[in-house]
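Listing of final09.csv, CSV, C-alpha atoms
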```
chain,number,residue,atom,x,y,z
A,12,MET,CA,-90.7,142.5,-115.3
A,13,LYS,CA,-88.2,143.1,-118.1
A,14,ARG,CA,-87.1,140.1,-120.1
A,15,SER,CA,-83.4,140.5,-119.0
A,16,THR,CA,-84.4,140.7,-115.4
A,17,HIS,CA,-86.6,137.6,-115.8
A,18,ILE,CA,-83.8,135.6,-117.3
A,19,LYS,CA,-81.4,136.6,-114.5
A,20,TYR,CA,-84.0,135.6,-111.9
A,21,ILE,CA,-84.5,132.2,-113.5
A,22,TYR,CA,-80.7,131.8,-113.8
A,23,LYS,CA,-80.3,132.4,-110.0
A,24,ILE,CA,-82.9,129.8,-109.2
A,25,VAL,CA,-81.2,127.2,-111.4
A,26,VAL,CA,-77.8,127.9,-109.8
A,27,MET,CA,-79.3,127.6,-106.3
A,28,ILE,CA,-80.9,124.3,-107.2
A,29,LEU,CA,-77.7,123.0,-108.6
A,30,VAL,CA,-75.7,124.1,-105.6
A,31,MET,CA,-78.3,122.5,-103.2
A,32,THR,CA,-78.1,119.3,-105.2
A,33,ILE,CA,-74.3,119.1,-105.8
A,34,LEU,CA,-73.0,120.2,-102.4
A,35,PRO,CA,-74.7,117.4,-100.4
A,36,PHE,CA,-73.5,114.9,-103.1
A,37,SER,CA,-70.0,116.2,-102.8
A,38,ALA,CA,-70.0,116.1,-99.1
A,39,ASN,CA,-71.4,112.6,-99.0
A,40,ALA,CA,-68.8,111.6,-101.6
A,41,ALA,CA,-66.0,113.1,-99.4
A,42,VAL,CA,-67.3,111.3,-96.3
A,43,ALA,CA,-67.6,108.0,-98.2
A,44,LYS,CA,-64.0,108.4,-99.4
A,45,GLN,CA,-62.8,109.2,-95.9
A,46,ASN,CA,-64.6,106.2,-94.5
A,47,LYS,CA,-63.1,104.0,-97.1
A,48,VAL,CA,-59.6,105.2,-96.2
A,49,ASP,CA,-60.3,104.7,-92.5
A,50,HIS,CA,-61.5,101.2,-93.1
A,51,GLU,CA,-58.4,100.5,-95.2
A,52,ILE,CA,-56.1,101.6,-92.4
A,53,LYS,CA,-57.9,99.8,-89.7
A,54,SER,CA,-57.9,96.6,-91.8
A,55,ALA,CA,-54.2,97.0,-92.6
A,56,LEU,CA,-53.3,97.5,-88.9
A,57,ASP,CA,-55.5,94.6,-87.7
A,58,ASP,CA,-53.7,92.4,-90.2
A,59,LEU,CA,-50.2,93.7,-89.3
A,60,TYR,CA,-50.6,93.1,-85.5
A,61,ARG,CA,-52.3,89.7,-86.1
A,62,VAL,CA,-49.5,88.5,-88.4
A,63,ARG,CA,-46.9,89.7,-85.9
A,64,ALA,CA,-48.6,87.9,-83.1
A,65,GLU,CA,-48.9,84.7,-85.0
A,66,ALA,CA,-45.2,84.9,-86.0
A,67,ILE,CA,-44.2,84.7,-82.4
A,68,ILE,CA,-45.5,81.1,-82.4
A,69,SER,CA,-44.6,80.1,-86.0
A,70,GLN,CA,-41.3,82.1,-86.0
A,71,ASP,CA,-42.1,82.6,-89.8
A,72,LEU,CA,-41.0,86.2,-90.6
A,73,GLN,CA,-41.8,86.2,-94.3
A,74,LYS,CA,-45.4,87.4,-93.9
A,75,VAL,CA,-44.2,90.0,-91.4
A,76,LYS,CA,-41.7,91.4,-93.8
A,77,ASP,CA,-44.4,92.1,-96.4
A,78,TYR,CA,-45.8,94.9,-94.2
A,79,TYR,CA,-42.5,96.9,-94.2
A,80,LEU,CA,-40.8,99.2,-96.6
A,81,ASP,CA,-37.2,99.1,-97.7
A,82,ASP,CA,-36.1,102.3,-96.1
A,83,LYS,CA,-34.0,102.5,-92.9
A,84,ALA,CA,-36.7,103.6,-90.4
A,85,SER,CA,-39.0,100.9,-91.6
A,86,GLN,CA,-36.3,98.2,-91.4
A,87,LEU,CA,-35.4,99.3,-87.9
A,88,ALA,CA,-39.0,98.8,-86.8
A,89,LEU,CA,-38.9,95.3,-88.4
A,90,GLN,CA,-35.7,94.5,-86.7
A,91,HIS,CA,-37.3,95.3,-83.4
A,92,GLU,CA,-40.0,92.8,-84.0
A,93,LYS,CA,-37.5,90.1,-85.0
A,94,ASN,CA,-35.6,90.7,-81.8
A,95,ARG,CA,-38.8,90.6,-79.8
A,96,MET,CA,-39.8,87.2,-81.2
A,97,LYS,CA,-36.3,85.8,-80.7
A,98,TYR,CA,-36.2,87.0,-77.0
A,99,LEU,CA,-39.6,85.5,-76.2
A,100,ASN,CA,-38.7,82.1,-77.7
A,101,LYS,CA,-35.2,82.1,-76.1
A,102,TRP,CA,-36.7,82.9,-72.7
A,103,SER,CA,-39.3,80.2,-73.0
A,104,ASN,CA,-36.7,77.6,-74.0
A,105,LYS,CA,-34.7,78.4,-70.9
A,106,ARG,CA,-37.7,77.9,-68.7
A,107,ALA,CA,-38.8,74.6,-70.3
A,108,ILE,CA,-41.9,76.4,-71.6
A,109,GLN,CA,-43.5,76.2,-75.1
A,110,LEU,CA,-45.4,79.2,-76.4
A,111,THR,CA,-48.7,78.0,-77.7
A,112,HIS,CA,-50.9,81.0,-78.3
A,113,SER,CA,-50.4,84.6,-79.4
A,114,GLN,CA,-53.3,86.9,-80.2
A,115,SER,CA,-53.5,90.6,-80.6
A,116,THR,CA,-56.3,93.2,-80.6
A,117,ILE,CA,-55.9,96.9,-81.2
A,118,ARG,CA,-57.8,100.1,-80.4
A,119,ILE,CA,-57.1,103.2,-82.5
A,120,VAL,CA,-56.9,106.3,-80.3
A,121,ARG,CA,-56.4,108.9,-83.1
A,122,GLN,CA,-55.1,109.1,-86.6
A,123,ARG,CA,-54.1,111.8,-89.1
A,124,ILE,CA,-54.3,111.1,-92.8
A,125,ALA,CA,-52.6,113.2,-95.5
A,126,GLY,CA,-52.7,111.7,-99.0
A,127,ASP,CA,-50.7,108.5,-98.9
A,128,GLN,CA,-49.5,108.8,-95.3
A,129,ALA,CA,-51.2,108.1,-92.1
A,130,VAL,CA,-50.0,108.8,-88.6
A,131,VAL,CA,-51.8,106.6,-86.0
A,132,SER,CA,-51.7,106.2,-82.2
A,133,LEU,CA,-53.2,103.0,-80.9
A,134,VAL,CA,-53.3,100.6,-77.9
A,135,GLN,CA,-52.5,96.9,-78.3
A,136,SER,CA,-53.7,94.2,-76.0
A,137,HIS,CA,-51.6,91.0,-76.5
A,138,LYS,CA,-52.6,87.6,-75.1
A,139,VAL,CA,-49.9,84.9,-74.8
A,140,GLY,CA,-50.4,81.2,-73.9
A,141,TYR,CA,-47.8,78.6,-72.9
A,142,ILE,CA,-47.5,75.1,-71.6
A,143,TYR,CA,-44.7,73.4,-69.7
A,144,THR,CA,-42.6,70.7,-71.5
A,145,ASN,CA,-41.7,68.9,-68.3
A,146,LYS,CA,-45.1,68.8,-66.6
A,147,ILE,CA,-48.7,67.9,-67.7
A,148,LEU,CA,-50.5,71.1,-66.8
A,149,PRO,CA,-53.3,73.2,-68.4
A,150,GLU,CA,-52.3,75.9,-70.8
A,151,GLN,CA,-51.4,79.1,-69.0
A,152,PHE,CA,-52.0,82.7,-70.2
A,153,PHE,CA,-50.7,86.2,-69.6
A,154,GLY,CA,-51.3,89.6,-71.1
A,155,VAL,CA,-49.2,92.6,-72.2
A,156,GLY,CA,-50.5,96.0,-73.2
A,157,THR,CA,-48.6,98.6,-75.2
A,158,ARG,CA,-49.2,102.1,-76.7
A,159,HIS,CA,-48.0,102.5,-80.2
A,160,PHE,CA,-47.2,105.5,-82.5
A,161,ILE,CA,-47.0,104.3,-86.0
A,162,THR,CA,-46.6,105.9,-89.4
A,163,LEU,CA,-48.0,104.1,-92.5
A,164,LYS,CA,-47.3,104.9,-96.2
A,165,LYS,CA,-49.3,103.6,-99.1
A,166,ARG,CA,-47.2,101.8,-101.7
A,167,ASN,CA,-48.7,100.0,-104.7
A,168,GLY,CA,-52.2,100.2,-103.1
A,169,LEU,CA,-51.0,98.7,-99.7
A,170,TRP,CA,-50.5,100.5,-96.4
A,171,LYS,CA,-47.0,99.6,-95.0
A,172,VAL,CA,-45.1,100.5,-91.9
A,173,SER,CA,-42.8,103.5,-92.4
A,174,ARG,CA,-41.8,103.9,-88.7
A,175,GLU,CA,-43.1,102.8,-85.3
A,176,TRP,CA,-42.3,103.5,-81.7
A,177,TYR,CA,-43.6,101.9,-78.5
A,178,LEU,CA,-42.4,101.2,-75.0
A,179,ASP,CA,-41.9,97.5,-75.2
A,180,PRO,CA,-41.7,95.4,-72.1
A,181,LEU,CA,-40.1,92.6,-74.1
A,182,ASP,CA,-37.4,94.7,-75.6
A,183,GLU,CA,-34.4,92.8,-74.3
A,184,ASN,CA,-31.2,91.1,-75.6
A,185,PRO,CA,-32.1,87.5,-76.6
A,186,ASP,CA,-28.6,86.5,-75.8
A,187,LYS,CA,-28.8,87.7,-72.2
A,188,VAL,CA,-31.7,85.7,-70.9
A,189,SER,CA,-31.2,84.6,-67.3
A,190,GLU,CA,-30.6,80.9,-66.7
A,191,GLY,CA,-31.5,78.9,-63.6
A,192,LEU,CA,-29.6,76.0,-62.1
A,193,ASP,CA,-31.6,73.3,-63.8
A,194,GLY,CA,-32.9,75.0,-67.0
A,195,LEU,CA,-36.4,75.1,-65.6
A,196,ALA,CA,-38.8,77.7,-64.6
A,197,PRO,CA,-38.9,78.5,-60.8
A,198,SER,CA,-41.5,76.4,-59.1
A,199,VAL,CA,-42.6,78.0,-55.9
A,200,LYS,CA,-45.0,76.5,-53.4
A,201,PRO,CA,-47.3,79.4,-52.6
A,202,GLN,CA,-47.3,80.5,-49.0
A,203,SER,CA,-50.3,79.0,-47.3
A,204,ASP,CA,-50.7,81.9,-44.9
A,205,HIS,CA,-51.5,85.0,-46.8
A,206,THR,CA,-54.6,86.1,-45.1
A,207,SER,CA,-55.4,89.8,-45.0
A,208,SER,CA,-55.1,91.8,-41.8
A,209,LYS,CA,-56.5,95.1,-40.6
A,210,MET,CA,-53.3,96.8,-41.6
A,211,TYR,CA,-53.0,95.4,-45.2
A,212,ASN,CA,-55.7,93.7,-47.2
A,213,ARG,CA,-53.9,91.4,-49.6
A,214,ASP,CA,-56.9,90.1,-51.4
A,215,ARG,CA,-58.2,93.6,-52.2
A,216,ALA,CA,-54.7,94.6,-53.3
A,217,VAL,CA,-54.5,91.8,-55.9
A,218,ARG,CA,-58.1,92.5,-57.1
A,219,TYR,CA,-57.0,96.1,-57.6
A,220,ALA,CA,-53.9,95.2,-59.5
A,221,ASN,CA,-56.0,92.9,-61.8
A,222,LYS,CA,-58.7,95.5,-62.3
A,223,TYR,CA,-56.5,98.4,-63.2
A,224,ALA,CA,-53.7,96.6,-65.2
A,225,GLY,CA,-54.5,98.9,-68.1
A,226,ALA,CA,-54.2,97.8,-71.7
A,227,ALA,CA,-52.9,94.3,-71.0
A,228,TRP,CA,-55.1,91.4,-72.0
A,229,GLY,CA,-57.0,90.1,-69.0
A,230,ALA,CA,-57.2,93.4,-67.2
A,231,GLY,CA,-60.5,94.8,-66.0
A,232,ASN,CA,-62.0,98.3,-66.1
A,233,GLN,CA,-62.3,98.2,-69.9
A,234,HIS,CA,-58.5,98.3,-70.1
A,235,ARG,CA,-58.3,101.7,-68.5
A,236,TYR,CA,-56.4,103.0,-65.4
A,237,ASN,CA,-58.2,104.2,-62.3
A,238,ASN,CA,-59.1,107.8,-63.3
A,239,LYS,CA,-59.0,108.8,-59.6
A,240,TYR,CA,-55.2,109.0,-60.1
A,241,LEU,CA,-53.0,110.9,-62.6
A,242,ASP,CA,-51.3,108.8,-65.3
A,243,TYR,CA,-47.5,109.3,-65.0
A,244,THR,CA,-46.6,107.4,-68.2
A,245,SER,CA,-45.5,110.5,-70.0
A,246,LYS,CA,-43.6,111.8,-66.9
A,247,GLY,CA,-41.1,109.0,-66.6
A,248,GLY,CA,-43.4,106.0,-66.0
A,249,ASP,CA,-46.5,105.0,-64.0
A,250,CYS,CA,-45.2,101.8,-62.4
A,251,THR,CA,-44.5,103.2,-58.9
A,252,ASN,CA,-47.7,105.2,-58.9
A,253,PHE,CA,-49.6,102.0,-59.7
A,254,ALA,CA,-47.7,100.0,-57.0
A,255,SER,CA,-48.6,102.7,-54.4
A,256,GLN,CA,-52.2,102.6,-55.5
A,257,VAL,CA,-52.3,98.8,-55.1
A,258,ILE,CA,-51.0,98.8,-51.6
A,259,GLY,CA,-52.5,102.1,-50.4
A,260,ASP,CA,-55.8,102.8,-52.0
A,261,ALA,CA,-58.3,102.9,-49.2
A,262,GLU,CA,-61.4,102.1,-51.2
A,263,GLU,CA,-60.4,99.3,-53.4
A,264,GLY,CA,-56.7,98.5,-52.7
A,265,GLY,CA,-54.6,97.1,-49.9
A,266,GLY,CA,-55.5,100.0,-47.6
A,267,LEU,CA,-52.1,100.8,-46.0
A,268,ALA,CA,-52.5,104.0,-44.2
A,269,VAL,CA,-50.7,107.0,-45.8
A,270,ALA,CA,-47.8,108.0,-43.7
A,271,GLY,CA,-45.0,110.6,-43.7
A,272,ASN,CA,-44.4,111.8,-47.3
A,273,TRP,CA,-46.1,108.8,-48.9
A,274,ARG,CA,-49.5,110.1,-49.9
A,275,TYR,CA,-51.6,111.2,-52.9
A,276,PHE,CA,-53.4,114.5,-53.2
A,277,LYS,CA,-56.5,114.7,-55.4
A,278,ASN,CA,-55.6,117.9,-57.2
A,279,SER,CA,-51.8,117.8,-57.3
A,280,GLY,CA,-51.0,114.1,-57.6
A,281,GLY,CA,-48.6,111.9,-55.7
A,282,THR,CA,-45.6,112.9,-53.6
A,283,GLN,CA,-42.1,111.9,-54.6
A,284,THR,CA,-42.3,108.9,-52.3
A,285,TRP,CA,-45.6,107.8,-53.9
A,286,VAL,CA,-44.5,108.0,-57.6
A,287,GLN,CA,-40.6,107.6,-57.6
A,288,THR,CA,-39.1,104.2,-57.5
A,289,ASP,CA,-36.1,104.8,-55.3
A,290,SER,CA,-38.1,106.9,-52.8
A,291,LEU,CA,-40.8,104.2,-52.5
A,292,SER,CA,-38.0,101.5,-52.0
A,293,ARG,CA,-36.6,103.5,-49.1
A,294,PHE,CA,-40.0,104.3,-47.6
A,295,LEU,CA,-41.1,100.7,-47.5
A,296,ILE,CA,-38.2,99.7,-45.3
A,297,ARG,CA,-37.9,102.9,-43.2
A,298,SER,CA,-41.6,103.0,-42.5
A,299,GLY,CA,-41.8,99.4,-41.4
A,300,TYR,CA,-44.5,98.8,-44.0
A,301,GLY,CA,-42.2,96.5,-46.0
A,302,LYS,CA,-39.3,94.1,-45.4
A,303,LEU,CA,-36.6,93.4,-48.0
A,304,ILE,CA,-36.5,89.6,-48.2
A,305,ALA,CA,-33.5,89.5,-50.6
A,306,LYS,CA,-31.8,91.4,-53.4
A,307,GLY,CA,-29.9,89.7,-56.2
A,308,ASN,CA,-30.0,88.5,-59.8
A,309,TYR,CA,-32.3,85.8,-61.1
A,310,LEU,CA,-30.0,82.9,-60.2
A,311,GLN,CA,-29.4,84.3,-56.7
A,312,ILE,CA,-33.1,84.8,-55.8
A,313,THR,CA,-34.3,81.5,-57.2
A,314,SER,CA,-31.6,79.1,-56.0
A,315,PRO,CA,-31.8,77.3,-52.7
A,316,SER,CA,-29.8,78.6,-49.8
A,317,ASP,CA,-29.4,77.9,-46.1
A,318,LYS,CA,-31.8,80.7,-45.2
A,319,TYR,CA,-34.3,80.0,-48.0
A,320,PRO,CA,-34.2,76.2,-49.0
A,321,GLU,CA,-36.7,76.9,-51.8
A,322,GLY,CA,-35.0,80.2,-52.9
A,323,ALA,CA,-35.8,83.6,-51.6
A,324,ILE,CA,-38.5,84.0,-54.3
A,325,SER,CA,-40.5,81.4,-52.4
A,326,MET,CA,-41.1,83.9,-49.6
A,327,LEU,CA,-43.2,86.2,-51.7
A,328,LYS,CA,-47.0,86.3,-51.2
A,329,PRO,CA,-49.7,87.8,-53.5
A,330,GLY,CA,-49.8,91.5,-52.7
A,331,ASP,CA,-46.0,91.8,-52.2
A,332,LEU,CA,-43.8,94.0,-54.5
A,333,ILE,CA,-40.8,93.3,-56.7
A,334,GLY,CA,-38.3,96.1,-57.5
A,335,TYR,CA,-36.1,95.9,-60.5
A,336,ILE,CA,-32.5,97.3,-60.6
A,337,LEU,CA,-30.8,97.9,-64.0
A,338,HIS,CA,-27.8,100.0,-63.1
A,339,ASP,CA,-25.9,100.9,-59.9
A,340,ASP,CA,-28.2,100.4,-56.9
A,341,ASP,CA,-31.2,102.4,-58.1
A,342,THR,CA,-34.6,100.9,-58.4
A,343,ASP,CA,-35.9,101.3,-62.0
A,344,HIS,CA,-39.3,99.6,-61.9
A,345,PHE,CA,-41.9,98.1,-59.6
A,346,SER,CA,-44.4,95.3,-60.1
A,347,VAL,CA,-47.0,93.7,-57.9
A,348,VAL,CA,-47.1,90.0,-57.2
A,349,VAL,CA,-50.6,88.8,-58.0
A,350,GLY,CA,-50.2,85.0,-57.7
A,351,PHE,CA,-48.6,81.9,-59.3
A,352,ASP,CA,-49.3,79.9,-62.3
A,353,ASP,CA,-50.2,76.2,-62.1
A,354,TYR,CA,-46.5,75.3,-62.1
A,355,GLY,CA,-45.7,77.7,-59.3
A,356,TYR,CA,-44.1,80.5,-61.4
A,357,PRO,CA,-44.6,83.9,-59.6
A,358,LEU,CA,-46.7,86.2,-61.7
A,359,VAL,CA,-46.8,90.0,-61.6
A,360,ASN,CA,-48.9,93.0,-62.8
A,361,SER,CA,-47.5,96.5,-63.6
A,362,HIS,CA,-47.8,99.7,-65.5
A,363,THR,CA,-45.5,101.2,-68.2
A,364,ALA,CA,-45.7,98.9,-69.9
A,365,ASP,CA,-48.9,97.2,-68.8
A,366,ARG,CA,-48.6,93.5,-67.6
A,367,TYR,CA,-51.2,91.1,-66.4
A,368,ARG,CA,-50.2,87.9,-64.7
A,369,VAL,CA,-46.8,87.9,-66.4
A,370,PRO,CA,-43.9,85.7,-65.2
A,371,PHE,CA,-41.9,88.0,-62.9
A,372,ASP,CA,-38.6,87.9,-64.9
A,373,LEU,CA,-40.1,88.1,-68.5
A,374,GLY,CA,-38.7,91.2,-70.1
A,375,TRP,CA,-35.5,91.4,-68.0
A,376,ASP,CA,-32.1,90.0,-68.5
A,377,ARG,CA,-29.3,88.3,-66.5
A,378,ASP,CA,-27.9,91.7,-65.4
A,379,THR,CA,-31.2,92.7,-63.7
A,380,ARG,CA,-31.2,92.5,-59.9
A,381,TYR,CA,-34.5,92.0,-58.1
A,382,GLN,CA,-35.6,93.4,-54.8
A,383,LEU,CA,-38.2,91.2,-53.1
A,384,PHE,CA,-40.4,93.3,-50.8
A,385,HIS,CA,-42.7,91.6,-48.3
A,386,ILE,CA,-45.5,94.0,-47.2
A,387,LYS,CA,-46.0,93.4,-43.6
A,388,ASP,CA,-49.5,92.2,-42.5
```
In structure tokens, write the structure found in this file.
Amino acid sequence: MKRSTHIKYIYKIVVMILVMTILPFSANAAVAKQNKVDHEIKSALDDLYRVRAEAIISQDLQKVKDYYLDDKASQLALQHEKNRMKYLNKWSNKRAIQLTHSQSTIRIVRQRIAGDQAVVSLVQSHKVGYIYTNKILPEQFFGVGTRHFITLKKRNGLWKVSREWYLDPLDENPDKVSEGLDGLAPSVKPQSDHTSSKMYNRDRAVRYANKYAGAAWGAGNQHRYNNKYLDYTSKGGDCTNFASQVIGDAEEGGGLAVAGNWRYFKNSGGTQTWVQTDSLSRFLIRSGYGKLIAKGNYLQITSPSDKYPEGAISMLKPGDLIGYILHDDDTDHFSVVVGFDDYGYPLVNSHTADRYRVPFDLGWDRDTRYQLFHIKD
């Protein structure tokens, strides 16, 4: 072998050794760097949602402000959180309730990081506790679940909120909280007779509503919907689809027999009557499956009357439905009555956004009208 050829051969071997040594090191370094950034973002988001949850109780906004930038989009996101805290506390004051506990957990679904910016989608489960100021009762708890799309930007070594969007069930005007006659929460004596019948199994309906209440704290099924059904969240909302499942699922739910145009097809999804609020409202009455007990604002359905001495709301049983009207006479939302707290406050579950044993009027205002549907046994 000539000397020049021999040198070239040795050179190639040296280069190969260097490449084989450096490439894995570079790859490992890149992975370590990415893991570090991922950890930073998860830690920053955990802290953000924890501080926001705690501020609902303390009403101290200073720590919350530290997580936001000075630009318009970031300040709008901060203002939303301020409004949310104010609404929750005004609502509780008008119900003789004191908020005692607020705890948040998050699950990151996906994230995209480019330099000093991260775009993240996540699911939040929020647990809220409260006590009554006029009664000695145990602490009560409810859960809310929300899906967030948030953009973070790194400033001076810290990840801060640039913008955020989520469908918030507590996004209401704090100055429009409904008021009752006595400034107290409604105290309903639960109907003693709510046994299940062959036509409608109330106990199973409530168990279904609790199991599949989604991201809300307290829900079962690992905070996931029933994958037997399509999720209509991105198609206008999943609340009516969920209500239909609760009363109509033959395997786990209330077991009402599908009838007319109210049905669900495995491959194509639910009919209009199954998934659309107004259509389900009309179907319940026309089919004879449901009876409209009353329709009115918060004061009207909770106040005593000749027909309902304890208020129309007292006629609801676990497994019944409540429709919510915001404008005109169109139903905008459905929730499922799942029981009562120790004071007698009717509690509901729903989708979009996800609620678990939430007081039925929380997240609505004095202009909201309620449709109280009794599902016939």
message = Using Å and a single decimal, report how far CA of Tyr309 in chain A sits from CA of Thr379 in chain A.
response = 7.5 Å
ask   = What does the distance between CA of Ala64 in chain A and CA of Ser113 in chain A come to in Å, to one decimal place?
value = 5.3 Å
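CA of Tyr367 in chain A lies 21.6 Å from CA of Trp176 in chain A.
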message = I'd like the neighbourhood of Tyr78 in chain A as a list in words, where a residue qualifies if any of its atoms comes within 9 Å (using all atoms listed in the file), though same-chain residues fewer than 5 positions away should be ignored.
response =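 Answer for this query is Ala55, Leu59, Leu169, Trp170, Lys171 and Val172 of chain A.
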task = Kindly indicate which residue among A:Val131, A:Ala220, A:Ile258, A:Ile333 lies nearest to Asn232 in chain A, using all atoms listed in the file for the distances.
result =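 Nearest candidate to Asn232 in chain A out of A:Val131, A:Ala220, A:Ile258, A:Ile333: A:Ala220.
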query = A:Tyr354, A:Tyr243, A:Tyr211, A:Trp375: which is nearest Gly330 in chain A, counting only C-alpha atoms?
reply =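 Looking only at the distances to Gly330 in chain A, the closest residue turns out to be A:Tyr211.
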message = Would you pick out the contacts of Phe345 in chain A at 10 Å or less, using only C-alpha atoms, so that residues sharing its chain but fewer than 3 positions from it are not included, and give the list as a count of residues only?
response = 26
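The closest residue to Asp341 in chain A, picked from A:Asn100, A:Arg377, A:Ser290, A:Lys328 and counting only C-alpha atoms, is A:Ser290.
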ask   = Between A:Asp182, A:Arg215, A:Asp365, A:Arg63, which has the minimum distance to Thr157 in chain A (counting all atoms listed in the file)?
value = A:Asp365
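Residues in contact with Glu175 in chain A at up to 7 Å, not including ones fewer than 5 positions away on its chain and judged by only C-alpha atoms, are Ala88, Phe160, Ile161 and Thr162 of chain A.
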